[in-house]
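Student: Structure in structure tokens, see below.
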Amino acid sequence: MARAIVFPGQGSQNVGMGKALAEAVPTAREVFEEVDEALGQNLSRLMFEGPIEELTLTENAQPALMAMSLAVVRVLRRDGGLEFGKHCQFVAGHSLGEYSALCAADALDLDVTARLLKRRGQAMQQAVPVGQGTMAALLGLDFEAAQGVARDAAEGQVCDIANDNAPGQVVVSGNVEAVERAVELAKERGARRPMLLPVSAPFHCALMQPAADIMADALQQSNLGVPVVPLIANVTASAVSDPAEIRELLVRQVTSMVRWRESVLYLRQQDVDNLVEVGAGKVLTTMLKRIDKEISGQAISEPEDIEAFLKSL
């Protein structure tokens with residue numbers, strides 16, 4: 001059995017995430033404390049108690065989701081004896097989850113990852129003035145049809161495909177007017193339920209270039225090593241281990257499409273038959289069922305999930 005451990009992206013956050021884990025397992029509590037210290041803020045209290053509006057702010061949600069994922073990983077590795085290489089052959093993450101994956105695979109230190117994600121969240125939020133950009137899910141259209149909608153809706157503005165998540169689940173991003181046109185066009189072309197998403201910025205499109213420039217500087221100044229198992233990169237949907245290449249892909253990722261559907265299919269080609277989603281929610285596990293039914297999936301976030309998974313190793 002080959003296994004990949006995968007890490008969720010923005011949208012999976014919820015108030016209370018990590019609370020039971022921190023209370024039950026000292027190893028997990030350490031991670032939350034280290035992230036709080038690295039950021040100089042009580043992020044863990046925001047995770048455990050809310051309010052949701054503050055937790056959902058991009059600059060908080062990104063390091064918070066990473067902290068949740070890494071708390072689980074540290075418990076699995078330190079307390080449960082999980083070994084990367086032996087029990088896990090690849091890592092991958094959805095958007096910010098790529099940073100969680102690199103930290104889990106020892107390519108980035110926890111404090112560095114927390115600060116990079118705080119910076120990334122701030123940069124992405126500031127790249128486009130509020131109200132000028134948005135995103136929409138074109139549910140029910142296949143990738144080629146969604147590409148056509150994005151192209152025809154642009155009309156000189158930006159309307160890019162931001163996420164190819166699963167068959168029939170494509171997200172576009174760009175200028176508000178262009179994305180609204182895309183929703184209308186998608187309806188005309190048979191989309192089941194195209195809808196604008198409640199996001200604070202148009203992620204993964206050309207409008208994010210100012211954020212990509214900031215992340216290029218931030219990543220250049222950060223130590224990034226070779227991951228202990230290969231990363232499946234969002235931008236290429238293929239395996240990468242070279243730190244220089246990873247750095248470049250993380251910069252490109254800010255403005256590029258997240259090729260999640262293709263990433264899962266690539267893992268299947270590498271004989272991966274088990275995908276373990278580590279951290280908040282079950283978004284990636286749910287999408288897996290639409291991409292490839294041959295791969296088993298499970299989500300791990302609570303103490304009982306960890307216990308059950310370790311017994312299965």
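Residue numbers start at 1 in each chain; chains themselves are named A, B, ... in the order of the structure tokens; ligands are numbered from 1 in the order shown.
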Give me, as CSV, the closest atom pair and its distance (Å, one decimal) for every residue of segment 97-192 of chain A within a cut-off of 9 Å of segment 277-289 of chain A, counting only C-alpha atoms, rows sorted by chain and rising number.
Tutor:
residue,atom,partner,partner_atom,distance
A:Asn165,CA,A:Met287,CA,7.2
A:Ala166,CA,A:Met287,CA,6.1
A:Pro167,CA,A:Met287,CA,8.8
A:Gln169,CA,A:Met287,CA,8.8
Student: With the cut-off set at 9 Å and counting only C-alpha atoms, tabulate each residue of segment 212-261 of chain A with an atom at most that distance from an atom of segment 116-133 of chain A, showing the nearest atom pair and its distance in Å to one decimal, ordered by chain and increasing number, as a Markdown table.
Tutor:
| residue | atom | partner | partner_atom | distance |
| --- | --- | --- | --- | --- |
| A:Ala212 | CA | A:Ala123 | CA | 8.1 |
| A:Ile214 | CA | A:Ala123 | CA | 6.8 |
| A:Met215 | CA | A:Arg120 | CA | 6.5 |
| A:Ala218 | CA | A:Leu116 | CA | 7.0 |
| A:Leu219 | CA | A:Leu116 | CA | 7.6 |
| A:Ser222 | CA | A:Leu116 | CA | 8.4 |
| A:Val254 | CA | A:Met124 | CA | 8.1 |
Student: Write the residues you've just listed into a file as a compact mmCIF listing (two decimals), in the first residue's frame, and include N, CA and C atoms for each of them.
Tutor:
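Generated file (result.txt):
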# COMPACT_ATOMS: atom_id res chain seq x y z
N ALA A 212 2.47 37.65 -5.07
CA ALA A 212 3.52 36.72 -5.52
C ALA A 212 4.90 37.38 -5.37
N ILE A 214 5.78 39.67 -3.21
CA ILE A 214 6.11 39.71 -1.77
C ILE A 214 6.57 38.34 -1.30
N MET A 215 5.88 37.28 -1.76
CA MET A 215 6.25 35.93 -1.34
C MET A 215 7.60 35.49 -1.93
N ALA A 218 9.99 36.90 0.56
CA ALA A 218 9.88 36.19 1.85
C ALA A 218 10.48 34.79 1.76
N LEU A 219 10.22 34.09 0.66
CA LEU A 219 10.73 32.73 0.50
C LEU A 219 12.24 32.72 0.28
N SER A 222 13.99 32.66 3.51
CA SER A 222 13.63 31.56 4.43
C SER A 222 14.38 30.29 4.06
N VAL A 254 0.80 31.40 -6.17
CA VAL A 254 -0.05 32.52 -5.73
C VAL A 254 -0.96 32.99 -6.87
Student: Residues of segment 85-116 of chain A in strand (DSSP E or B) according to DSSP, as JSON, numbers by chain?
Tutor: {"A": [88, 90, 91, 92, 93]}
Student: Could the residues in this selection be saved with C-alpha atoms as a tab-separated table (two decimals), in the first residue's frame?
Tutor:
chain	number	residue	atom	x	y	z
A	88	CYS	CA	3.85	7.75	3.74
A	90	PHE	CA	4.16	11.59	-0.78
A	91	VAL	CA	2.74	14.80	0.67
A	92	ALA	CA	0.48	17.37	-0.98
A	93	GLY	CA	-1.58	20.34	0.12
Student: From the DSSP assignment of the backbone, select every residue of segment 11-220 of chain A that is helix (DSSP H, G or I), and format the answer as a ChimeraX atom specification.
Tutor: /A:19-24,26-39,43-49,52-56,58-79,97-104,110-127,143-154,176-188,206-220
Student: Grab the residues selected above and save them as a short mmCIF file (atom, residue, chain, number, x, y, z; two decimals), in the first residue's frame with C-alpha atoms.
Tutor:
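The resulting out_24.cif:
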data_model
loop_
_atom_site.label_atom_id
_atom_site.label_comp_id
_atom_site.auth_asym_id
_atom_site.auth_seq_id
_atom_site.Cartn_x
_atom_site.Cartn_y
_atom_site.Cartn_z
CA LYS A 19 -9.26 22.39 21.14
CA ALA A 20 -9.97 18.75 22.06
CA LEU A 21 -6.59 17.73 20.70
CA ALA A 22 -4.73 20.39 22.69
CA GLU A 23 -6.56 19.44 25.89
CA ALA A 24 -5.97 15.71 25.45
CA PRO A 26 0.52 17.60 25.32
CA THR A 27 2.44 17.04 22.05
CA ALA A 28 -0.32 18.81 20.11
CA ARG A 29 -0.53 21.63 22.67
CA GLU A 30 3.18 22.31 22.11
CA VAL A 31 2.57 22.99 18.41
CA PHE A 32 -0.13 25.56 19.11
CA GLU A 33 2.10 27.26 21.69
CA GLU A 34 5.05 27.36 19.27
CA VAL A 35 2.91 28.93 16.53
CA ASP A 36 1.54 31.52 18.99
CA GLU A 37 5.08 32.40 19.97
CA ALA A 38 6.34 32.60 16.38
CA LEU A 39 3.56 35.01 15.43
CA LEU A 43 -3.83 32.42 17.51
CA SER A 44 -4.72 29.23 19.38
CA ARG A 45 -7.31 31.07 21.49
CA LEU A 46 -8.84 32.44 18.28
CA MET A 47 -8.94 28.88 16.89
CA PHE A 48 -10.49 27.41 20.04
CA GLU A 49 -12.94 30.22 20.90
CA ILE A 52 -15.34 33.00 13.31
CA GLU A 53 -15.16 36.39 11.51
CA GLU A 54 -11.68 37.00 12.89
CA LEU A 55 -10.53 33.41 12.37
CA THR A 56 -11.67 33.57 8.73
CA THR A 58 -6.93 35.30 5.49
CA GLU A 59 -3.91 36.25 7.60
CA ASN A 60 -5.32 34.26 10.54
CA ALA A 61 -6.94 31.34 8.69
CA GLN A 62 -3.76 30.36 6.83
CA PRO A 63 -1.41 29.90 9.83
CA ALA A 64 -4.30 28.50 11.91
CA LEU A 65 -5.07 25.72 9.44
CA MET A 66 -1.37 24.91 9.23
CA ALA A 67 -1.09 24.77 13.05
CA MET A 68 -4.04 22.39 13.22
CA SER A 69 -2.52 20.09 10.59
CA LEU A 70 0.95 20.12 12.13
CA ALA A 71 -0.39 19.41 15.61
CA VAL A 72 -1.90 16.19 14.24
CA VAL A 73 1.28 15.34 12.33
CA ARG A 74 3.49 15.80 15.37
CA VAL A 75 1.25 13.52 17.45
CA LEU A 76 1.30 10.90 14.67
CA ARG A 77 5.08 11.04 14.34
CA ARG A 78 6.28 11.61 17.89
CA ASP A 79 3.66 9.75 19.90
CA GLY A 97 -1.84 23.34 2.54
CA GLU A 98 1.31 23.07 0.43
CA TYR A 99 3.17 24.93 3.21
CA SER A 100 1.70 22.54 5.81
CA ALA A 101 2.90 19.63 3.65
CA LEU A 102 6.44 21.03 3.42
CA CYS A 103 6.59 21.61 7.17
CA ALA A 104 5.27 18.11 7.85
CA LEU A 110 7.28 25.28 12.14
CA ASP A 111 8.05 28.88 13.18
CA VAL A 112 9.21 29.77 9.65
CA THR A 113 6.06 28.21 8.15
CA ALA A 114 3.79 30.15 10.53
CA ARG A 115 5.44 33.48 9.66
CA LEU A 116 5.42 32.74 5.91
CA LEU A 117 1.70 31.97 6.00
CA LYS A 118 0.92 35.08 8.05
CA ARG A 119 2.82 37.12 5.44
CA ARG A 120 1.14 35.26 2.58
CA GLY A 121 -2.31 35.91 4.03
CA GLN A 122 -1.58 39.62 4.48
CA ALA A 123 -0.08 39.92 0.99
CA MET A 124 -3.01 38.15 -0.68
CA GLN A 125 -5.53 40.28 1.20
CA GLN A 126 -3.75 43.52 0.27
CA ALA A 127 -3.10 42.64 -3.40
CA PHE A 143 -12.81 21.58 -16.91
CA GLU A 144 -12.86 22.31 -20.67
CA ALA A 145 -16.30 23.94 -20.48
CA ALA A 146 -15.20 26.02 -17.47
CA GLN A 147 -12.10 27.14 -19.39
CA GLY A 148 -14.33 28.35 -22.22
CA VAL A 149 -16.56 30.24 -19.77
CA ALA A 150 -13.57 31.93 -18.11
CA ARG A 151 -12.09 32.93 -21.47
CA ASP A 152 -15.37 34.34 -22.82
CA ALA A 153 -16.28 36.13 -19.58
CA ALA A 154 -12.97 38.01 -19.28
CA VAL A 176 -15.89 41.14 -9.89
CA GLU A 177 -17.60 42.05 -13.19
CA ALA A 178 -15.79 39.32 -15.11
CA VAL A 179 -16.57 36.64 -12.52
CA GLU A 180 -20.23 37.72 -12.44
CA ARG A 181 -20.32 37.37 -16.23
CA ALA A 182 -18.80 33.89 -15.83
CA VAL A 183 -21.63 32.87 -13.48
CA GLU A 184 -24.25 33.97 -16.02
CA LEU A 185 -22.44 32.28 -18.92
CA ALA A 186 -22.06 29.09 -16.89
CA LYS A 187 -25.84 29.03 -16.27
CA GLU A 188 -26.45 29.37 -20.02
CA ALA A 206 -3.29 37.20 -12.26
CA LEU A 207 -4.58 39.92 -9.88
CA MET A 208 -2.50 38.28 -7.13
CA GLN A 209 0.84 39.24 -8.75
CA PRO A 210 1.69 41.84 -6.02
CA ALA A 211 1.33 39.04 -3.43
CA ALA A 212 3.52 36.72 -5.52
CA ASP A 213 6.26 39.39 -5.57
CA ILE A 214 6.11 39.71 -1.77
CA MET A 215 6.25 35.93 -1.34
CA ALA A 216 9.24 35.69 -3.69
CA ASP A 217 11.18 37.95 -1.28
CA ALA A 218 9.88 36.19 1.85
CA LEU A 219 10.73 32.73 0.50
CA GLN A 220 14.18 33.84 -0.65
#
Student: Nearest to Gly9 of chain A among A:Glu83, A:Asn42, A:Ala137, A:Leu96, with distances taken over only C-alpha atoms: which residue is it?
Tutor: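 Among A:Glu83, A:Asn42, A:Ala137, A:Leu96, it is A:Leu96 that comes nearest to Gly9 of chain A.
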Student: For the atom pair atom CA of Met135 of chain A and atom CA of Ile161 of chain A, what is the interatomic distance in Å to one decimal place?
Tutor: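 So the two atoms, atom CA of Met135 of chain A and atom CA of Ile161 of chain A, lie 9.4 Å apart.
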Student: With only C-alpha atoms as the counted atoms, please give the residues lying no more than 12 Å from Ile246 of chain A, apart from itself and same-chain residues fewer than 2 positions off, as number ranges by chain.
Tutor: A: 98-99, 101-102, 107-108, 216, 219-220, 223-227, 230-236, 238-244, 248-253
Student: Find the residues near Asp164 of chain A: any atom within 7 Å, counting only C-alpha atoms, skip ones fewer than 2 places away on the same chain, and give them as a VMD selection string.
Tutor: chain A and resid 162 166 169 to 171 258 to 261
Student: May I ask which of the residues A:Ser200, A:Ser296, A:Asn175, A:Asn163 is the closest one to Glu262 of chain A, counting only C-alpha atoms?
Tutor: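 Once distances to Glu262 of chain A are computed over only C-alpha atoms, the minimum belongs to A:Asn163.
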Student: May I ask for the distance between atom CA of Gly297 of chain A and atom CA of Ser12 of chain A, given in Å to one decimal place?
Tutor: 16.7 Å
Student: Find the residues around Lys311 of chain A up to 12 Å (only C-alpha atoms counted), leave out those fewer than 3 positions away in its own chain, and share them as number ranges by chain.
Tutor: A: 76, 80-82, 304-308
Student: Go ahead and write the selection's residues with N, CA and C atoms as a compact mmCIF listing (two decimals), in the first residue's frame.
Tutor:
# COMPACT_ATOMS: atom_id res chain seq x y z
N LEU A 76 1.14 12.15 15.44
CA LEU A 76 1.30 10.90 14.67
C LEU A 76 2.76 10.44 14.67
N GLY A 80 2.98 8.46 17.94
CA GLY A 80 2.42 7.27 17.29
C GLY A 80 3.39 6.47 16.47
N GLY A 81 4.59 7.00 16.26
CA GLY A 81 5.61 6.25 15.53
C GLY A 81 5.44 6.25 14.02
N LEU A 82 4.59 7.16 13.48
CA LEU A 82 4.46 7.26 12.03
C LEU A 82 5.80 7.71 11.43
N GLU A 304 -9.53 10.66 18.70
CA GLU A 304 -10.01 9.31 18.36
C GLU A 304 -9.66 8.94 16.91
N ASP A 305 -9.63 9.95 16.01
CA ASP A 305 -9.22 9.69 14.62
C ASP A 305 -7.77 9.21 14.58
N ILE A 306 -6.94 9.90 15.36
CA ILE A 306 -5.51 9.58 15.40
C ILE A 306 -5.31 8.15 15.89
N GLU A 307 -6.03 7.82 16.96
CA GLU A 307 -5.91 6.49 17.56
C GLU A 307 -6.30 5.40 16.55
N ALA A 308 -7.43 5.63 15.86
CA ALA A 308 -7.93 4.64 14.90
C ALA A 308 -6.95 4.49 13.73
